[in-house]
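Participant: Encoded as structure tokens, here's the structure I'll be asking about.
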Amino acid sequence: MRGVIYARYSCDHQKESSIEDQLRDCKAFAESNDIEIIGTYIDRAQSGRSDDRIAFQQMLTASDNGGFDCVIVWKLDRFARNRYDSAINKARLKRNGVRVLSAMERISDSPEGVLLESLLEGIAEYYSLDLREKTYRGLVGRALQCKHTGGKPALGYKVNADKDYEIDEVGAQTVRLIFELYASGKSYREILATLNQRGARTASGRPFGTNSLHDLLVNEKYIGVYTFSRTHRRDGGRNNHASDPEAIRIEGGVPAIVSREIWDAVQERIAKNKLAPGRNKAKVDYLLTGKIFCGKCGGAMVGMSAHGNYTYYECSTRKRTRQCDRKPIRREKIEDTVLRCTLALLTDETIRELAEQVAALSRKECAQNSELQSIESAIRETENRIENISNAIAQGIITPTTKRMLEQSENDRAQLVHRKNELQSIGVYPVTVEQVVFWLEKFRDFDIANTDDRHMIVDSLINSVFVYDDGTINIFYNAHGKTDTIKRSDLQDAAPSAPTYPKIKLISSFIFGVTWKTPK
């Protein structure tokens, strides 16, 4: 395994020497866990309450390009003190196949830890979307006036002091050349060669590539159409304004760079190319990758495809060495069944039990926060001191010293309470059972045909899946289990929206499994 180290100290509580301590412990952790360290990122005198840290952002960007499998921190509060930022950035790293490991803490390894992290990511998503909506409200007014709303203007445009778009003739010449070349039948490769010979650059100053060419050729701004999207994709990506029903779209809102005739010719050619065989094949989403295993040999099962549209999971041992004869299983069959079983499992009783487990873990985490314990103790001591001084004053012991002591103690209490409120705002205080119940109940409304919902179910609730040749499937979940038995036949043929009642049995003290058997 390859990893990097991220270290940080804040401007008010640590000093430069603490970086050396963190690096020493992180390197020792890496050595004991057979992790090769390929890089180190350090932020000095930077608060963890925000993720706006230079080295931290460099580390996140590096993860987008691959190259390492984990980020090692001394403690998780070095990664972030704000749980919203922590959840969002951990989710980004997770999408890149990167784990966050703490050299000094082992809290998040339990099954309940996965559920707790998923809950916090859900809170983070709500917080992020809510903040984004508030920001968008201010931008919509400017968009309705066809004003620039931020970011780099498209190639060929510049923005004046009033935030209105104007044509930048240097960039506009490149735009017209690209449209003319493509309309005349030139390929992307030929257009890129011409642009490179001329030293042309995108709006961001980089050489053109296939994606930047396509984005430019479908940008309606070049025929004078101002567009602004009011909806946002859940993954943070860009929307196609033309297909967004809530987008602001104003004809003549910006000065046009190319004519309508050449625009139509270009769009017609793009549409024809989309219909060409073998182009733009959809990428198959193998939902259970990393979680599905062969019940015969224990090897991981990997996603495969054949004849274009036939997709399945095959035992990796069978694929590599032919030493396992476990037959492949159809992707849609196993994925949909696992999802239906999982949603059917979320009864009121099960949700309550899971919520209590997750809330207990959260309380345990917070109980181990030394700063929180110290503040609670200091508040109690300060309040006792204030009470003693007040009693003395009530008995007539009024001196300049007692008055000064009372003022100082009240000031100390105010500062401690302020810090306590800060800890509450960043999530150091534990989540409640009711919060977890509310989050888990949302899964009941999920649509297993929706890609985002499918991934949320698998990532949050499912630990692993084992499949057997006789049609039996064991599904292991992220929770402590209990023994319970509920039966219903014809499970496989149940409609996606119909309730299914799998047989539940105790698998271990850490996870519980659902076992069901496909009908012959």
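Residues are named by chain letter and number: chains run A, B, ... in the order of the structure tokens, numbers start at 1 in each chain, and ligands are numbered from 1 in the order shown.
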Please identify which residues in segment 267-380 of chain A DSSP calls strand (DSSP E or B) from the backbone, and express them as a list in words.

Facilitator: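 So the strand (DSSP E or B) residues in segment 267-380 of chain A would be Ile292, Phe293, Cys294, Ala300, Met301, Val302, Gly303, Met304, Ser305, Ala306, Tyr310, Thr311, Tyr312, Tyr313, Glu314, Cys315, Ile329 and Arg330 of chain A.
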
Participant: Which residue, A:Ala344, A:Ala143, A:Leu213, A:Ala7, has the smallest gap to Asp21 of chain A when you use only C-alpha atoms?

Facilitator: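 Among A:Ala344, A:Ala143, A:Leu213, A:Ala7, it is A:Ala7 that comes nearest to Asp21 of chain A.
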
Participant: Tell me which of A:Arg269, A:Arg380, A:Arg24, A:Lys291 sits closest to Ile462 of chain A, counting only C-alpha atoms.

Facilitator: A:Lys291

Participant: Between atom CA of Ile329 of chain A and atom CA of Met456 of chain A, what is the distance in Å, rounded to a tenth?

Facilitator: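 Separation of atom CA of Ile329 of chain A and atom CA of Met456 of chain A: 22.6 Å.
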
Participant: Among segment 135-301 of chain A, which ones does DSSP place in alpha helix (DSSP H), written as a VMD selection string?

Facilitator: chain A and resid 135 to 144 169 to 183 188 to 198 210 to 217 260 to 274

Participant: Report as CSV: every residue of segment 310-424 of chain A with an atom at most 12 Å from segment 444-448 of chain A, its closest pair of atoms, and their distance in Å to one decimal, counting only C-alpha atoms, with rows sorted by chain and ascending residue number.

Facilitator:
residue,atom,partner,partner_atom,distance
A:Glu332,CA,A:Ile448,CA,11.3
A:Glu335,CA,A:Ile448,CA,9.5
A:Asp336,CA,A:Ile448,CA,7.3
A:Thr337,CA,A:Ile448,CA,10.1
A:Val338,CA,A:Ile448,CA,10.2
A:Leu339,CA,A:Ile448,CA,6.8
A:Arg340,CA,A:Ile448,CA,7.8
A:Cys341,CA,A:Ile448,CA,11.2
A:Thr342,CA,A:Arg444,CA,9.8
A:Leu343,CA,A:Arg444,CA,6.3
A:Ala344,CA,A:Arg444,CA,8.3
A:Leu345,CA,A:Arg444,CA,9.8
A:Leu346,CA,A:Arg444,CA,7.3
A:Thr347,CA,A:Arg444,CA,9.2
A:Asp348,CA,A:Arg444,CA,10.7
A:Ile351,CA,A:Arg444,CA,10.6

Participant: Those same residues - C-alpha atoms - I'd like them written as a compact mmCIF listing (two decimals), in the first residue's frame.

Facilitator:
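In the end it all went to out.txt:
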# COMPACT_ATOMS: atom_id res chain seq x y z
CA GLU A 332 -28.55 -6.74 -12.56
CA GLU A 335 -27.49 -5.94 -7.44
CA ASP A 336 -31.26 -5.43 -7.51
CA THR A 337 -31.88 -8.34 -5.15
CA VAL A 338 -29.30 -7.11 -2.61
CA LEU A 339 -30.84 -3.62 -2.71
CA ARG A 340 -34.41 -4.91 -2.25
CA CYS A 341 -33.38 -7.14 0.66
CA THR A 342 -31.56 -4.26 2.33
CA LEU A 343 -34.49 -1.84 2.11
CA ALA A 344 -36.90 -4.53 3.33
CA LEU A 345 -34.69 -5.00 6.38
CA LEU A 346 -35.25 -1.42 7.57
CA THR A 347 -38.21 -2.04 9.87
CA ASP A 348 -38.97 0.34 12.74
CA ILE A 351 -33.82 1.19 12.60

Participant: Ser184 of chain A: which residues within 12 Å, counting only C-alpha atoms, same-chain residues fewer than 4 positions away excluded, as a list in words?

Facilitator: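 Once the adjacent positions are removed, what remains is Leu177, Ile178, Phe179, Glu180, Tyr188, Glu190, Ile191, Ile262, Trp263, Ala265, Val266 and Arg269 of chain A.
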
Participant: Take the residues just selected and output them with N, CA, C and O atoms as a short mmCIF file (atom, residue, chain, number, x, y, z; two decimals), in the first residue's frame.

Facilitator:
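Output file selection-v7.cif is given in full below:
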data_model
loop_
_atom_site.label_atom_id
_atom_site.label_comp_id
_atom_site.auth_asym_id
_atom_site.auth_seq_id
_atom_site.Cartn_x
_atom_site.Cartn_y
_atom_site.Cartn_z
N LEU A 177 -12.30 30.18 -35.62
CA LEU A 177 -11.50 29.21 -36.37
C LEU A 177 -11.94 27.78 -36.05
O LEU A 177 -12.09 26.95 -36.95
N ILE A 178 -12.17 27.49 -34.78
CA ILE A 178 -12.58 26.15 -34.37
C ILE A 178 -13.92 25.78 -35.00
O ILE A 178 -14.10 24.67 -35.53
N PHE A 179 -14.89 26.70 -34.94
CA PHE A 179 -16.21 26.43 -35.53
C PHE A 179 -16.10 26.21 -37.03
O PHE A 179 -16.73 25.30 -37.60
N GLU A 180 -15.29 27.02 -37.70
CA GLU A 180 -15.17 26.91 -39.15
C GLU A 180 -14.50 25.59 -39.55
O GLU A 180 -14.93 24.93 -40.50
N TYR A 188 -11.43 16.23 -34.74
CA TYR A 188 -10.85 16.85 -33.55
C TYR A 188 -9.33 16.82 -33.60
O TYR A 188 -8.65 17.78 -33.23
N GLU A 190 -7.35 16.83 -36.21
CA GLU A 190 -6.84 17.83 -37.17
C GLU A 190 -6.98 19.24 -36.62
O GLU A 190 -6.08 20.08 -36.80
N ILE A 191 -8.09 19.49 -35.93
CA ILE A 191 -8.28 20.83 -35.34
C ILE A 191 -7.24 21.08 -34.25
O ILE A 191 -6.65 22.18 -34.18
N ILE A 262 -23.40 28.83 -39.12
CA ILE A 262 -22.28 27.94 -38.81
C ILE A 262 -22.55 27.15 -37.53
O ILE A 262 -22.15 26.00 -37.41
N TRP A 263 -23.27 27.77 -36.58
CA TRP A 263 -23.66 27.05 -35.36
C TRP A 263 -24.53 25.83 -35.69
O TRP A 263 -24.30 24.73 -35.20
N ALA A 265 -24.74 24.21 -38.48
CA ALA A 265 -23.96 23.20 -39.21
C ALA A 265 -23.13 22.36 -38.23
O ALA A 265 -23.03 21.14 -38.37
N VAL A 266 -22.55 23.02 -37.26
CA VAL A 266 -21.73 22.32 -36.27
C VAL A 266 -22.59 21.37 -35.42
O VAL A 266 -22.23 20.21 -35.19
N ARG A 269 -23.60 18.22 -37.30
CA ARG A 269 -22.51 17.24 -37.42
C ARG A 269 -22.28 16.52 -36.08
O ARG A 269 -22.04 15.31 -36.05
#

Participant: One number please: atom CA of Ile72 of chain A to atom CA of Cys26 of chain A, in Å, one decimal.

Facilitator: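 Between these atoms lies a distance of 6.4 Å.
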
Participant: I want to know what sits within 12 Å of Glu349 of chain A, based on only C-alpha atoms, with residues of the same chain fewer than 4 positions away left out; could you give that as a ChimeraX atom specification?

Facilitator: /A:345,353-356,437,440-441,482,484

Participant: List as a ChimeraX atom specification the protein and nucleic acid residues near Arg198 of chain A, meaning an atom at most 12 Å away when only C-alpha atoms are counted, but skip any in the same chain fewer than 6 places from it.

Facilitator: /A:173-174,177,191-192,207-208

Participant: Hey, what's within 9 Å of Leu101 of chain A if we count only C-alpha atoms and toss same-chain stuff fewer than 2 positions away? As JSON, numbers by chain, please?

Facilitator: {"A": [70, 71, 72, 73, 74, 75, 76, 99, 103, 105, 106]}

Participant: When you draw a straight line from atom CA of Gly253 of chain A to atom CA of Gly224 of chain A, how long is it in Å?

Facilitator: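 Value for the atom CA of Gly253 of chain A-atom CA of Gly224 of chain A distance: 6.0 Å.
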
Participant: I'd like the neighbourhood of Gln145 of chain A as a list of chain:residue names, where a residue qualifies if any of its atoms comes within 10 Å (using only C-alpha atoms), though same-chain residues fewer than 3 positions away should be ignored.

Facilitator: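 After dropping sequence-adjacent residues, the list is A:Val140, A:Gly141, A:Arg142, A:His148, A:Lys163, A:Asp164, A:Tyr226, A:Ile250, A:Gly253.
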
Participant: Give me a file of those residues, with C-alpha atoms, as a compact mmCIF listing (two decimals), in the first residue's frame.

Facilitator:
# COMPACT_ATOMS: atom_id res chain seq x y z
CA VAL A 140 -29.97 34.56 -9.77
CA GLY A 141 -30.69 38.30 -9.64
CA ARG A 142 -27.46 39.03 -11.50
CA HIS A 148 -21.20 37.68 -15.11
CA LYS A 163 -20.01 42.76 -14.98
CA ASP A 164 -21.33 42.80 -18.56
CA TYR A 226 -26.94 33.73 -21.92
CA ILE A 250 -31.91 34.50 -22.46
CA GLY A 253 -28.11 38.20 -23.56

Participant: Determine the nearest neighbour of Val458 of chain A from the options A:Tyr477, A:Val175, A:Ser102, A:Gly298, counting only C-alpha atoms.

Facilitator: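 Under the stated criterion, the closest residue is A:Tyr477.
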
Participant: Which segment 327-417 of chain A residues have any atom within 10 Å of an atom of segment 300-319 of chain A, and for each, what is the nearest pair of atoms with distance in Å to one decimal, counting only C-alpha atoms, rows sorted by chain and number, as CSV?

Facilitator:
residue,atom,partner,partner_atom,distance
A:Lys327,CA,A:Glu314,CA,7.1
A:Pro328,CA,A:Glu314,CA,4.5
A:Ile329,CA,A:Tyr313,CA,5.4
A:Arg330,CA,A:Tyr312,CA,4.3
A:Arg331,CA,A:Tyr312,CA,4.3
A:Glu332,CA,A:Tyr312,CA,7.8
A:Lys333,CA,A:Tyr312,CA,8.9
A:Ile334,CA,A:Tyr313,CA,8.9
